[in-house]
>>> print(open('coords.cif').read())   # mmCIF, C-alpha atoms, pLDDT in the B column; chains and numbers go by the auth columns
data_final
loop_
_atom_site.group_PDB
_atom_site.id
_atom_site.type_symbol
_atom_site.label_atom_id
_atom_site.label_comp_id
_atom_site.label_asym_id
_atom_site.label_seq_id
_atom_site.Cartn_x
_atom_site.Cartn_y
_atom_site.Cartn_z
_atom_site.B_iso_or_equiv
_atom_site.auth_seq_id
_atom_site.auth_asym_id
ATOM 1 C CA MET A 1 5.470 -5.228 21.588 70.00 601 Q
ATOM 2 C CA ILE A 2 7.056 -3.071 18.915 75.00 602 Q
ATOM 3 C CA THR A 3 10.746 -2.357 18.523 86.00 603 Q
ATOM 4 C CA ILE A 4 12.703 0.185 16.516 87.00 604 Q
ATOM 5 C CA ALA A 5 12.989 -1.208 12.993 91.00 605 Q
ATOM 6 C CA PRO A 6 16.473 -2.239 11.846 93.00 606 Q
ATOM 7 C CA ALA A 7 17.973 0.258 9.389 94.00 607 Q
ATOM 8 C CA GLU A 8 18.360 -2.390 6.666 94.00 608 Q
ATOM 9 C CA ILE A 9 14.634 -3.196 6.741 94.00 609 Q
ATOM 10 C CA VAL A 10 13.700 0.495 6.595 95.00 610 Q
ATOM 11 C CA THR A 11 16.127 1.098 3.719 95.00 611 Q
ATOM 12 C CA PHE A 12 14.899 -1.994 1.837 95.00 612 Q
ATOM 13 C CA THR A 13 11.272 -0.870 2.239 96.00 613 Q
ATOM 14 C CA LEU A 14 11.835 2.769 1.270 96.00 614 Q
ATOM 15 C CA GLU A 15 13.868 1.756 -1.786 96.00 615 Q
ATOM 16 C CA TYR A 16 11.060 -0.581 -2.847 96.00 616 Q
ATOM 17 C CA LEU A 17 8.399 2.111 -2.355 97.00 617 Q
ATOM 18 C CA GLU A 18 10.435 4.553 -4.426 97.00 618 Q
ATOM 19 C CA SER A 19 11.217 2.113 -7.248 97.00 619 Q
ATOM 20 C CA ARG A 20 7.752 0.527 -7.398 97.00 620 Q
ATOM 21 C CA PHE A 21 5.450 3.465 -6.622 97.00 621 Q
ATOM 22 C CA GLY A 22 7.653 6.495 -7.241 97.00 622 Q
ATOM 23 C CA ILE A 23 7.240 7.707 -3.646 97.00 623 Q
ATOM 24 C CA ASP A 24 10.285 9.875 -2.938 95.00 624 Q
ATOM 25 C CA SER A 25 11.947 8.725 0.273 91.00 625 Q
ATOM 26 C CA SER A 26 12.382 12.357 1.342 93.00 626 Q
ATOM 27 C CA VAL A 27 8.700 12.402 2.396 93.00 627 Q
ATOM 28 C CA PHE A 28 9.751 10.094 5.252 94.00 628 Q
ATOM 29 C CA SER A 29 12.513 12.371 6.558 93.00 629 Q
ATOM 30 C CA LYS A 30 10.628 13.154 9.784 94.00 630 Q
ATOM 31 C CA ALA A 31 9.477 9.591 10.419 94.00 631 Q
ATOM 32 C CA LYS A 32 10.542 6.874 12.827 93.00 632 Q
ATOM 33 C CA PHE A 33 9.932 3.253 11.925 94.00 633 Q
ATOM 34 C CA TYR A 34 8.957 0.425 14.231 91.00 634 Q
ATOM 35 C CA LEU A 35 8.670 -3.296 13.670 90.00 635 Q
ATOM 36 C CA GLY A 36 5.598 -4.934 15.151 87.00 636 Q
ATOM 37 C CA SER A 37 4.260 -8.444 15.283 86.00 637 Q
ATOM 38 C CA ARG A 38 4.104 -10.542 12.118 87.00 638 Q
ATOM 39 C CA SER A 39 6.874 -8.419 10.540 90.00 639 Q
ATOM 40 C CA ARG A 40 4.730 -5.321 10.201 93.00 640 Q
ATOM 41 C CA LEU A 41 6.542 -2.047 9.638 94.00 641 Q
ATOM 42 C CA TYR A 42 4.937 1.030 11.223 93.00 642 Q
ATOM 43 C CA MET A 43 5.729 4.690 10.669 94.00 643 Q
ATOM 44 C CA ILE A 44 5.236 7.520 13.148 91.00 644 Q
ATOM 45 C CA ASN A 45 6.296 11.161 13.337 89.00 645 Q
ATOM 46 C CA GLU A 46 9.728 11.490 14.910 85.00 646 Q
ATOM 47 C CA SER A 47 8.416 13.867 17.587 85.00 647 Q
ATOM 48 C CA VAL A 48 6.022 11.255 19.034 82.00 648 Q
ATOM 49 C CA GLU A 49 7.239 9.140 21.918 76.00 649 Q
ATOM 50 C CA VAL A 50 6.016 5.554 21.881 71.00 650 Q
ATOM 51 C CA ALA A 51 5.178 3.826 25.157 68.00 651 Q
ATOM 52 C CA GLN A 52 7.588 1.072 26.135 62.00 652 Q
ATOM 53 C CA PHE A 53 4.935 -1.659 25.957 61.00 653 Q
ATOM 54 C CA ALA A 54 3.054 -0.455 22.879 64.00 654 Q
ATOM 55 C CA VAL A 55 1.757 -3.155 20.549 66.00 655 Q
ATOM 56 C CA THR A 56 1.366 -0.866 17.527 71.00 656 Q
ATOM 57 C CA ALA A 57 2.155 2.764 16.818 71.00 657 Q
ATOM 58 C CA GLY A 58 1.471 4.979 13.844 87.00 658 Q
ATOM 59 C CA LEU A 59 0.582 3.986 10.317 92.00 659 Q
ATOM 60 C CA LEU A 60 1.106 0.446 9.052 93.00 660 Q
ATOM 61 C CA VAL A 61 3.426 0.891 6.076 96.00 661 Q
ATOM 62 C CA ALA A 62 3.944 -2.690 4.936 96.00 662 Q
ATOM 63 C CA ARG A 63 4.628 -6.287 5.806 94.00 663 Q
ATOM 64 C CA VAL A 64 8.324 -7.096 5.483 94.00 664 Q
ATOM 65 C CA PRO A 65 11.197 -8.426 5.336 78.00 665 Q
ATOM 66 C CA ARG A 66 11.230 -11.142 2.620 86.00 666 Q
ATOM 67 C CA PHE A 67 9.223 -8.872 0.332 90.00 667 Q
ATOM 68 C CA VAL A 68 7.294 -5.642 0.791 95.00 668 Q
ATOM 69 C CA LYS A 69 3.499 -5.820 0.793 96.00 669 Q
ATOM 70 C CA PRO A 70 2.265 -2.216 1.173 97.00 670 Q
ATOM 71 C CA SER A 71 -0.802 -1.623 3.300 95.00 671 Q
ATOM 72 C CA THR A 72 -3.982 -0.147 1.879 94.00 672 Q
ATOM 73 C CA ASN A 73 -3.971 2.577 4.553 94.00 673 Q
ATOM 74 C CA PHE A 74 -0.420 3.557 3.612 97.00 674 Q
ATOM 75 C CA LEU A 75 -1.206 3.804 -0.116 97.00 675 Q
ATOM 76 C CA GLN A 76 -4.340 5.826 0.609 95.00 676 Q
ATOM 77 C CA ALA A 77 -2.455 8.190 2.923 96.00 677 Q
ATOM 78 C CA PHE A 78 0.273 8.776 0.314 96.00 678 Q
ATOM 79 C CA GLU A 79 -1.908 8.660 -2.812 96.00 679 Q
ATOM 80 C CA SER A 80 -0.721 12.086 -3.994 96.00 680 Q
ATOM 81 C CA SER A 81 2.926 10.896 -3.893 96.00 681 Q
ATOM 82 C CA ILE A 82 2.321 7.783 -6.008 97.00 682 Q
ATOM 83 C CA THR A 83 3.609 8.263 -9.548 96.00 683 Q
ATOM 84 C CA LYS A 84 4.205 4.670 -10.698 95.00 684 Q
ATOM 85 C CA SER A 85 2.384 1.321 -10.629 96.00 685 Q
ATOM 86 C CA LYS A 86 -0.968 3.076 -10.589 95.00 686 Q
ATOM 87 C CA LEU A 87 -3.858 1.086 -11.976 94.00 687 Q
ATOM 88 C CA GLN A 88 -6.843 3.210 -12.961 94.00 688 Q
ATOM 89 C CA LEU A 89 -10.232 1.459 -12.834 94.00 689 Q
ATOM 90 C CA ASP A 90 -13.468 2.498 -14.484 93.00 690 Q
ATOM 91 C CA LYS A 91 -16.690 2.813 -12.471 92.00 691 Q
ATOM 92 C CA THR A 92 -17.854 -0.784 -12.948 92.00 692 Q
ATOM 93 C CA GLN A 93 -14.411 -2.199 -12.165 93.00 693 Q
ATOM 94 C CA ALA A 94 -14.116 0.023 -9.076 92.00 694 Q
ATOM 95 C CA GLN A 95 -17.473 -1.176 -7.735 92.00 695 Q
ATOM 96 C CA LYS A 96 -16.425 -4.811 -8.208 91.00 696 Q
ATOM 97 C CA TYR A 97 -13.016 -4.183 -6.642 92.00 697 Q
ATOM 98 C CA ILE A 98 -14.482 -2.411 -3.602 91.00 698 Q
ATOM 99 C CA SER A 99 -16.838 -5.360 -3.064 89.00 699 Q
ATOM 100 C CA GLY A 100 -13.853 -7.737 -2.927 90.00 700 Q
ATOM 101 C CA GLU A 101 -13.806 -9.247 -6.404 92.00 701 Q
ATOM 102 C CA ASP A 102 -10.701 -10.085 -8.416 94.00 702 Q
ATOM 103 C CA LEU A 103 -10.673 -8.502 -11.879 94.00 703 Q
ATOM 104 C CA THR A 104 -9.500 -9.682 -15.286 93.00 704 Q
ATOM 105 C CA LEU A 105 -8.147 -6.653 -17.120 89.00 705 Q
ATOM 106 C CA ASP A 106 -7.608 -5.799 -20.767 81.00 706 Q
ATOM 107 C CA SER A 107 -3.907 -6.447 -21.263 67.00 707 Q
ATOM 108 C CA ASN A 108 -3.681 -4.373 -24.437 59.00 708 Q
ATOM 109 C CA THR A 109 -3.437 -1.036 -22.695 62.00 709 Q
ATOM 110 C CA GLU A 110 -0.149 0.860 -22.336 61.00 710 Q
ATOM 111 C CA GLU A 111 -1.229 2.113 -18.909 72.00 711 Q
ATOM 112 C CA THR A 112 -1.229 -1.328 -17.279 78.00 712 Q
ATOM 113 C CA PRO A 113 1.657 -1.549 -14.794 86.00 713 Q
ATOM 114 C CA GLU A 114 4.009 -4.522 -14.713 89.00 714 Q
ATOM 115 C CA ASN A 115 3.200 -7.540 -12.544 93.00 715 Q
ATOM 116 C CA GLY A 116 3.423 -7.040 -8.787 95.00 716 Q
ATOM 117 C CA TYR A 117 1.752 -4.863 -6.183 96.00 717 Q
ATOM 118 C CA VAL A 118 -0.130 -1.884 -7.599 97.00 718 Q
ATOM 119 C CA ALA A 119 -1.976 1.105 -6.203 97.00 719 Q
ATOM 120 C CA VAL A 120 -5.573 0.760 -7.373 96.00 720 Q
ATOM 121 C CA PHE A 121 -7.241 4.077 -8.259 96.00 721 Q
ATOM 122 C CA TYR A 122 -10.683 5.298 -9.228 95.00 722 Q
ATOM 123 C CA GLY A 123 -10.256 8.838 -10.498 94.00 723 Q
ATOM 124 C CA ALA A 124 -7.999 10.701 -8.076 94.00 724 Q
ATOM 125 C CA TYR A 125 -8.732 8.344 -5.172 95.00 725 Q
ATOM 126 C CA CYS A 126 -6.611 5.397 -4.143 96.00 726 Q
ATOM 127 C CA LEU A 127 -8.894 2.487 -3.326 94.00 727 Q
ATOM 128 C CA GLY A 128 -6.053 0.385 -1.978 93.00 728 Q
ATOM 129 C CA CYS A 129 -3.512 -2.221 -2.863 95.00 729 Q
ATOM 130 C CA GLY A 130 -3.874 -4.983 -5.428 96.00 730 Q
ATOM 131 C CA PHE A 131 -1.617 -7.670 -6.829 96.00 731 Q
ATOM 132 C CA LEU A 132 -1.403 -7.741 -10.614 95.00 732 Q
ATOM 133 C CA LYS A 133 -0.316 -10.911 -12.388 94.00 733 Q
ATOM 134 C CA ASN A 134 -0.853 -11.627 -16.079 91.00 734 Q
ATOM 135 C CA SER A 135 -3.790 -9.200 -16.460 90.00 735 Q
ATOM 136 C CA VAL A 136 -5.548 -10.496 -13.323 95.00 736 Q
ATOM 137 C CA LEU A 137 -5.895 -8.041 -10.452 95.00 737 Q
ATOM 138 C CA LYS A 138 -5.972 -10.010 -7.208 95.00 738 Q
ATOM 139 C CA ASN A 139 -7.973 -8.128 -4.632 92.00 739 Q
ATOM 140 C CA VAL A 140 -6.003 -7.672 -1.411 89.00 740 Q
ATOM 141 C CA LEU A 141 -8.339 -5.049 0.056 83.00 741 Q
ATOM 142 C CA PRO A 142 -8.875 -5.898 3.742 78.00 742 Q
ATOM 143 C CA LYS A 143 -12.236 -7.555 4.325 74.00 743 Q
ATOM 144 C CA GLU A 144 -13.285 -4.849 6.788 73.00 744 Q
ATOM 145 C CA LYS A 145 -12.878 -2.209 4.038 71.00 745 Q
ATOM 146 C CA ARG A 146 -14.974 -3.996 1.439 64.00 746 Q
ATOM 147 C CA LEU A 147 -18.389 -2.569 0.530 69.00 747 Q
ATOM 148 C CA ASN A 148 -21.211 -3.520 -1.793 72.00 748 Q
ATOM 149 C CA LEU A 149 -21.836 -0.209 -3.532 68.00 749 Q
ATOM 150 C CA LYS A 150 -24.779 0.348 -5.809 69.00 750 Q
ATOM 151 C CA PHE A 151 -23.720 3.929 -6.596 64.00 751 Q
ATOM 152 C CA LEU A 152 -20.245 5.348 -6.994 61.00 752 Q
#
>>> encode(input="coords.cif", output="structure tokens")
Amino acid sequence: MITIAPAEIVTFTLEYLESRFGIDSSVFSKAKFYLGSRSRLYMINESVEVAQFAVTAGLLVARVPRFVKPSTNFLQAFESSITKSKLQLDKTQAQKYISGEDLTLDSNTEETPENGYVAVFYGAYCLGCGFLKNSVLKNVLPKEKRLNLKFL
């Protein structure tokens, strides 16, 4: 069963999303937030009524509260609002990432974000969330979203 998310968890999460990804918290002005099982934070339009015994509702934003791990669906839904911690992949890297592989990146580029969760992009499209540490991109794409692509 989901419950209305405590204000401190919502504030903590929105501040993280703004500082890490540049997503202005004003885009969430018409949202309600719920806390589901396993500390999952969900977002839904404020005009939607959630059934009393609902298990989930809306878009999974992140896992919280010790740290914020953004969901792939959330980053994809808000890809146009992401201005920071964007990691751009080339075609070969994108194919490997989509298939579930971790990547070792060239650390000499100015465009590489600092260590932590990043929004992984190919062109204008957000492929999902990754965890960057010391030039290694850990693939955290959900298994059900992974594909073996021959053409991209």
>>> resolve_selection(input="coords.cif", expression="the PyMOL selection byres ((chain Q and resi 634-645) around 10)", output="PyMOL selection string")
chain Q and resi 601-606+609-610+613+628-633+646-650+654-666+668-671+674
>>> resolve_selection(input="coords.cif", expression="the PyMOL selection byres ((chain Q and resi 723) around 10)", output="VMD selection string")
chain Q and resid 688 to 691 694 720 to 722 724 to 727
>>> closest_residue(input="coords.cif", among="Q:Asn673, Q:Ser699, Q:Ser685, Q:Asn734", to="Glu711 in chain Q", atoms="all atoms listed in the file")
Q:Ser685
>>> axis_aligned_box(input="coords.cif", around="range 634-641 of chain Q", padding_each_side="4 Å", output="AutoDock Vina command-line options")
--center_x 6.5 --center_y -5.1 --center_z 12.5 --size_x 12.9 --size_y 19.0 --size_z 13.6
>>> resolve_selection(input="coords.cif", expression="the PyMOL selection byres ((chain Q and resi 622) around 8)", output="PDB file with C-alpha atoms, in the frame of the given file")
ATOM      1  CA  LEU Q 617       8.399   2.111  -2.355  1.00 97.00           C
ATOM      2  CA  GLU Q 618      10.435   4.553  -4.426  1.00 97.00           C
ATOM      3  CA  SER Q 619      11.217   2.113  -7.248  1.00 97.00           C
ATOM      4  CA  ARG Q 620       7.752   0.527  -7.398  1.00 97.00           C
ATOM      5  CA  PHE Q 621       5.450   3.465  -6.622  1.00 97.00           C
ATOM      6  CA  ILE Q 623       7.240   7.707  -3.646  1.00 97.00           C
ATOM      7  CA  ASP Q 624      10.285   9.875  -2.938  1.00 95.00           C
ATOM      8  CA  SER Q 681       2.926  10.896  -3.893  1.00 96.00           C
ATOM      9  CA  ILE Q 682       2.321   7.783  -6.008  1.00 97.00           C
ATOM     10  CA  THR Q 683       3.609   8.263  -9.548  1.00 96.00           C
ATOM     11  CA  LYS Q 684       4.205   4.670 -10.698  1.00 95.00           C
TER      12      LYS Q 684
END
>>> atom_distance(input="coords.cif", atom1="CA of Asp706 in chain Q", atom2="CA of Thr692 in chain Q")
13.8 Å
>>> atom_distance(input="coords.cif", atom1="CA of Leu741 in chain Q", atom2="CA of Glu615 in chain Q")
23.3 Å
>>> closest_residue(input="coords.cif", among="Q:Thr672, Q:Phe667, Q:Val627, Q:Lys686", to="Phe612 in chain Q", atoms="all atoms listed in the file")
Q:Phe667
>>> residues_around(input="coords.cif", residues="Thr704 in chain Q", least_positions_apart="6", cutoff="12 Å", atoms="all atoms listed in the file", output="NGL selection string")
:Q and (689 or 693 or 696-697 or 712 or 731-739)
>>> atom_distance(input="coords.cif", atom1="CA of Val718 in chain Q", atom2="CA of Ala607 in chain Q")
24.9 Å
>>> closest_residue(input="coords.cif", among="Q:Ser626, Q:Gln676, Q:Gly730, Q:Tyr616", to="Pro713 in chain Q", atoms="only C-alpha atoms")
Q:Gly730
>>> closest_residue(input="coords.cif", among="Q:Asp702, Q:Glu744, Q:Glu714, Q:Glu679", to="Gly728 in chain Q", atoms="all atoms listed in the file")
Q:Glu679
>>> build_atoms(input="coords.cif", residues="range 614-644 of chain Q", atoms="N, CA and C atoms", output="PDB file, in the frame of the given file")
ATOM      1  N   LEU Q 614      11.907   1.461   1.918  1.00 96.00           N
ATOM      2  CA  LEU Q 614      11.835   2.769   1.270  1.00 96.00           C
ATOM      3  C   LEU Q 614      12.345   2.708  -0.167  1.00 96.00           C
ATOM      4  N   GLU Q 615      13.373   1.921  -0.417  1.00 96.00           N
ATOM      5  CA  GLU Q 615      13.868   1.756  -1.786  1.00 96.00           C
ATOM      6  C   GLU Q 615      12.810   1.080  -2.663  1.00 96.00           C
ATOM      7  N   TYR Q 616      12.129   0.091  -2.101  1.00 96.00           N
ATOM      8  CA  TYR Q 616      11.060  -0.581  -2.847  1.00 96.00           C
ATOM      9  C   TYR Q 616       9.930   0.405  -3.161  1.00 96.00           C
ATOM     10  N   LEU Q 617       9.503   1.169  -2.155  1.00 97.00           N
ATOM     11  CA  LEU Q 617       8.399   2.111  -2.355  1.00 97.00           C
ATOM     12  C   LEU Q 617       8.747   3.168  -3.396  1.00 97.00           C
ATOM     13  N   GLU Q 618      10.011   3.566  -3.430  1.00 97.00           N
ATOM     14  CA  GLU Q 618      10.435   4.553  -4.426  1.00 97.00           C
ATOM     15  C   GLU Q 618      10.508   3.927  -5.819  1.00 97.00           C
ATOM     16  N   SER Q 619      11.075   2.732  -5.925  1.00 97.00           N
ATOM     17  CA  SER Q 619      11.217   2.113  -7.248  1.00 97.00           C
ATOM     18  C   SER Q 619       9.873   1.621  -7.786  1.00 97.00           C
ATOM     19  N   ARG Q 620       9.023   1.090  -6.936  1.00 97.00           N
ATOM     20  CA  ARG Q 620       7.752   0.527  -7.398  1.00 97.00           C
ATOM     21  C   ARG Q 620       6.662   1.580  -7.569  1.00 97.00           C
ATOM     22  N   PHE Q 621       6.558   2.508  -6.619  1.00 97.00           N
ATOM     23  CA  PHE Q 621       5.450   3.465  -6.622  1.00 97.00           C
ATOM     24  C   PHE Q 621       5.877   4.908  -6.884  1.00 97.00           C
ATOM     25  N   GLY Q 622       7.184   5.150  -6.980  1.00 97.00           N
ATOM     26  CA  GLY Q 622       7.653   6.495  -7.241  1.00 97.00           C
ATOM     27  C   GLY Q 622       7.551   7.426  -6.048  1.00 97.00           C
ATOM     28  N   ILE Q 623       7.360   6.876  -4.848  1.00 97.00           N
ATOM     29  CA  ILE Q 623       7.240   7.707  -3.646  1.00 97.00           C
ATOM     30  C   ILE Q 623       8.646   8.095  -3.201  1.00 97.00           C
ATOM     31  N   ASP Q 624       8.957   9.374  -3.290  1.00 95.00           N
ATOM     32  CA  ASP Q 624      10.285   9.875  -2.938  1.00 95.00           C
ATOM     33  C   ASP Q 624      10.535   9.653  -1.451  1.00 95.00           C
ATOM     34  N   SER Q 625      11.647   9.046  -1.130  1.00 91.00           N
ATOM     35  CA  SER Q 625      11.947   8.725   0.273  1.00 91.00           C
ATOM     36  C   SER Q 625      12.104   9.961   1.147  1.00 91.00           C
ATOM     37  N   SER Q 626      12.260  11.130   0.548  1.00 93.00           N
ATOM     38  CA  SER Q 626      12.382  12.357   1.342  1.00 93.00           C
ATOM     39  C   SER Q 626      11.091  12.678   2.104  1.00 93.00           C
ATOM     40  N   VAL Q 627       9.952  12.147   1.658  1.00 93.00           N
ATOM     41  CA  VAL Q 627       8.700  12.402   2.396  1.00 93.00           C
ATOM     42  C   VAL Q 627       8.708  11.714   3.764  1.00 93.00           C
ATOM     43  N   PHE Q 628       9.661  10.813   3.977  1.00 94.00           N
ATOM     44  CA  PHE Q 628       9.751  10.094   5.252  1.00 94.00           C
ATOM     45  C   PHE Q 628      10.859  10.647   6.148  1.00 94.00           C
ATOM     46  N   SER Q 629      11.364  11.831   5.825  1.00 93.00           N
ATOM     47  CA  SER Q 629      12.513  12.371   6.558  1.00 93.00           C
ATOM     48  C   SER Q 629      12.215  12.637   8.033  1.00 93.00           C
ATOM     49  N   LYS Q 630      10.979  12.877   8.387  1.00 94.00           N
ATOM     50  CA  LYS Q 630      10.628  13.154   9.784  1.00 94.00           C
ATOM     51  C   LYS Q 630       9.901  11.970  10.435  1.00 94.00           C
ATOM     52  N   ALA Q 631      10.158  10.784   9.918  1.00 94.00           N
ATOM     53  CA  ALA Q 631       9.477   9.591  10.419  1.00 94.00           C
ATOM     54  C   ALA Q 631      10.430   8.676  11.171  1.00 94.00           C
ATOM     55  N   LYS Q 632       9.854   7.972  12.154  1.00 93.00           N
ATOM     56  CA  LYS Q 632      10.542   6.874  12.827  1.00 93.00           C
ATOM     57  C   LYS Q 632       9.810   5.613  12.410  1.00 93.00           C
ATOM     58  N   PHE Q 633      10.530   4.511  12.346  1.00 94.00           N
ATOM     59  CA  PHE Q 633       9.932   3.253  11.925  1.00 94.00           C
ATOM     60  C   PHE Q 633      10.074   2.214  13.021  1.00 94.00           C
ATOM     61  N   TYR Q 634       8.993   1.476  13.218  1.00 91.00           N
ATOM     62  CA  TYR Q 634       8.957   0.425  14.231  1.00 91.00           C
ATOM     63  C   TYR Q 634       8.549  -0.878  13.584  1.00 91.00           C
ATOM     64  N   LEU Q 635       9.031  -1.967  14.137  1.00 90.00           N
ATOM     65  CA  LEU Q 635       8.670  -3.296  13.670  1.00 90.00           C
ATOM     66  C   LEU Q 635       7.759  -3.925  14.705  1.00 90.00           C
ATOM     67  N   GLY Q 636       6.570  -4.318  14.256  1.00 87.00           N
ATOM     68  CA  GLY Q 636       5.598  -4.934  15.151  1.00 87.00           C
ATOM     69  C   GLY Q 636       5.498  -6.425  14.907  1.00 87.00           C
ATOM     70  N   SER Q 637       4.459  -7.005  15.445  1.00 86.00           N
ATOM     71  CA  SER Q 637       4.260  -8.444  15.283  1.00 86.00           C
ATOM     72  C   SER Q 637       4.019  -8.793  13.821  1.00 86.00           C
ATOM     73  N   ARG Q 638       4.292 -10.023  13.474  1.00 87.00           N
ATOM     74  CA  ARG Q 638       4.104 -10.542  12.118  1.00 87.00           C
ATOM     75  C   ARG Q 638       4.834  -9.694  11.079  1.00 87.00           C
ATOM     76  N   SER Q 639       6.005  -9.182  11.446  1.00 90.00           N
ATOM     77  CA  SER Q 639       6.874  -8.419  10.540  1.00 90.00           C
ATOM     78  C   SER Q 639       6.168  -7.229   9.900  1.00 90.00           C
ATOM     79  N   ARG Q 640       5.419  -6.511  10.693  1.00 93.00           N
ATOM     80  CA  ARG Q 640       4.730  -5.321  10.201  1.00 93.00           C
ATOM     81  C   ARG Q 640       5.552  -4.090  10.514  1.00 93.00           C
ATOM     82  N   LEU Q 641       5.759  -3.269   9.494  1.00 94.00           N
ATOM     83  CA  LEU Q 641       6.542  -2.047   9.638  1.00 94.00           C
ATOM     84  C   LEU Q 641       5.593  -0.866   9.814  1.00 94.00           C
ATOM     85  N   TYR Q 642       5.768  -0.133  10.917  1.00 93.00           N
ATOM     86  CA  TYR Q 642       4.937   1.030  11.223  1.00 93.00           C
ATOM     87  C   TYR Q 642       5.768   2.296  11.124  1.00 93.00           C
ATOM     88  N   MET Q 643       5.089   3.394  10.799  1.00 94.00           N
ATOM     89  CA  MET Q 643       5.729   4.690  10.669  1.00 94.00           C
ATOM     90  C   MET Q 643       5.022   5.674  11.589  1.00 94.00           C
ATOM     91  N   ILE Q 644       5.809   6.519  12.259  1.00 91.00           N
ATOM     92  CA  ILE Q 644       5.236   7.520  13.148  1.00 91.00           C
ATOM     93  C   ILE Q 644       6.112   8.762  13.083  1.00 91.00           C
TER      94      ILE Q 644
END
